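Scroll down for the structure; my scribbles are underneath it.
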Amino acid sequence: MNFTIRKAEAKDVPRLMDIYNYEVLHGTATFDIHPKDLSERMVWFQEHQERNHPLIVAEMEDGRVAGYASLSSYREKEAYAATAELSVYIAVECRGKGAASALIQEILRLAKEETELYTVISVITAGNDASVHLHEKFGFACCGTMKDVGKKFGQRLSIVNYQLILNS
C-alpha cells in the first residue's frame, strides 16, 4: 500500500487521538490506562511543533490517516537534550501494510538532519515482536530489558529498550 508521509496538522489530532486511545484501551504498546481527551492531545500536538520533535503521519490514498510517528523529549534533564524518544502508532485496520516502516524511515531521516540530536531511543513492551523486528530492521540495537515495570490488564509488563546512534 502507498502512503503519503507528511507533517501532522492540527486537523489530524482527533484521528491521532483515536489511534492512540485504541491502544490505551486494548493494547500494551502504551502503559497509559486512561484514554486521552482532545485538549490533552492538542497540548501534545503543540509540543511536537518544536524543531527536533517532529510529528508525522502516514496518509492513505483516500485521505485517511493510517498512523503516526513522533520524536519526543527522552527525559526532562538538560543533559538528555541530544536524545529523543521515538513513538509509532498504527490504526489497527492498517497494521501490516507498510505504514510503520514508511513512518520510521522518514522520522529517522528528519532526526539525522537535526544537528542537535545524537541518539533515538525506543521503549517497546516485551513480547511486541513486530515492533522489535521493525526497529532492528532500521539498525536499532537492544540495550536491555527492565522486568515487570508496568501493570496493565492485570498482567505485569516488561519493557525492552532500543537505541539508534544517529550519523555514526
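Following the order of the C-alpha cells, first chain is A, next is B, and so on, with residues numbered from 1 inside each chain and ligands from 1 in the order they appear.
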
Report as a ChimeraX atom specification: the residues of chain A with a DSSP assignment of strand (DSSP E), based on the backbone of this structure. /A:4-7,55-59,65-73,83-90,119-125,141-152,155-165

With only C-alpha atoms as the atoms that count, which of A:Thr115, A:Ala29, A:Asn2, A:Met146 lies nearest to Asp129 of chain A? A:Ala29

Name the closest residue to Arg15 of chain A among the candidates A:Leu117, A:Val57, A:Arg109, A:Leu157; distances are taken between atoms, counting only C-alpha atoms.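 Nearest candidate to Arg15 of chain A out of A:Leu117, A:Val57, A:Arg109, A:Leu157: A:Val57.
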
Please provide as a PDB file with C-alpha atoms, in the first residue's frame all residues within 12 Å of segment 71-81 of chain A, with the sequence filter that same-chain residues fewer than 2 positions apart are discarded (counting only C-alpha atoms).
```
ATOM      1  CA  TRP A  44       0.837  17.024  22.922  1.00  0.00           C
ATOM      2  CA  PHE A  45       0.496  18.217  19.306  1.00  0.00           C
ATOM      3  CA  GLN A  46       1.835  21.672  20.217  1.00  0.00           C
ATOM      4  CA  GLU A  47       4.830  20.104  21.993  1.00  0.00           C
ATOM      5  CA  HIS A  48       5.700  18.452  18.676  1.00  0.00           C
ATOM      6  CA  GLN A  49       5.923  21.716  16.793  1.00  0.00           C
ATOM      7  CA  GLU A  50       9.462  22.174  18.108  1.00  0.00           C
ATOM      8  CA  ARG A  51      12.316  21.850  15.668  1.00  0.00           C
ATOM      9  CA  ASN A  52      13.736  18.490  16.768  1.00  0.00           C
ATOM     10  CA  HIS A  53      10.476  16.864  17.905  1.00  0.00           C
ATOM     11  CA  PRO A  54       8.581  16.191  14.668  1.00  0.00           C
ATOM     12  CA  LEU A  55       5.189  14.541  14.424  1.00  0.00           C
ATOM     13  CA  ILE A  56       4.412  12.952  11.077  1.00  0.00           C
ATOM     14  CA  TYR A  68       1.809   8.445  13.066  1.00  0.00           C
ATOM     15  CA  ALA A  69       5.367   8.683  14.370  1.00  0.00           C
ATOM     16  CA  THR A  83      18.330  12.206  22.835  1.00  0.00           C
ATOM     17  CA  ALA A  84      14.789  11.772  21.546  1.00  0.00           C
ATOM     18  CA  GLU A  85      12.248   9.019  22.110  1.00  0.00           C
ATOM     19  CA  LEU A  86      10.548   7.511  19.081  1.00  0.00           C
ATOM     20  CA  SER A  87       6.870   6.546  19.161  1.00  0.00           C
ATOM     21  CA  VAL A  88       4.952   4.880  16.336  1.00  0.00           C
ATOM     22  CA  LEU A 103       6.977   6.420   9.089  1.00  0.00           C
ATOM     23  CA  ILE A 104      10.168   5.216  10.773  1.00  0.00           C
ATOM     24  CA  GLU A 106      11.010   9.345   7.365  1.00  0.00           C
ATOM     25  CA  ILE A 107      11.255  10.181  11.076  1.00  0.00           C
ATOM     26  CA  LEU A 108      14.845   8.886  11.117  1.00  0.00           C
ATOM     27  CA  ARG A 109      15.659  10.949   8.039  1.00  0.00           C
ATOM     28  CA  LEU A 110      14.344  14.021   9.863  1.00  0.00           C
ATOM     29  CA  ALA A 111      16.260  13.077  13.015  1.00  0.00           C
ATOM     30  CA  LYS A 112      19.525  12.794  11.079  1.00  0.00           C
ATOM     31  CA  GLU A 114      18.889  17.681  13.248  1.00  0.00           C
ATOM     32  CA  THR A 115      22.420  18.535  14.295  1.00  0.00           C
ATOM     33  CA  GLU A 116      21.326  18.671  17.944  1.00  0.00           C
ATOM     34  CA  LEU A 117      20.116  15.044  18.015  1.00  0.00           C
ATOM     35  CA  TYR A 118      22.565  12.222  18.591  1.00  0.00           C
ATOM     36  CA  THR A 119      20.504   9.292  19.862  1.00  0.00           C
ATOM     37  CA  VAL A 120      16.998   7.944  19.300  1.00  0.00           C
ATOM     38  CA  ILE A 121      15.520   5.668  21.961  1.00  0.00           C
ATOM     39  CA  SER A 122      12.510   3.414  21.594  1.00  0.00           C
ATOM     40  CA  VAL A 123      10.869   1.733  24.564  1.00  0.00           C
ATOM     41  CA  GLN A 163      18.762   2.693  20.756  1.00  0.00           C
TER      42      GLN A 163
END
```
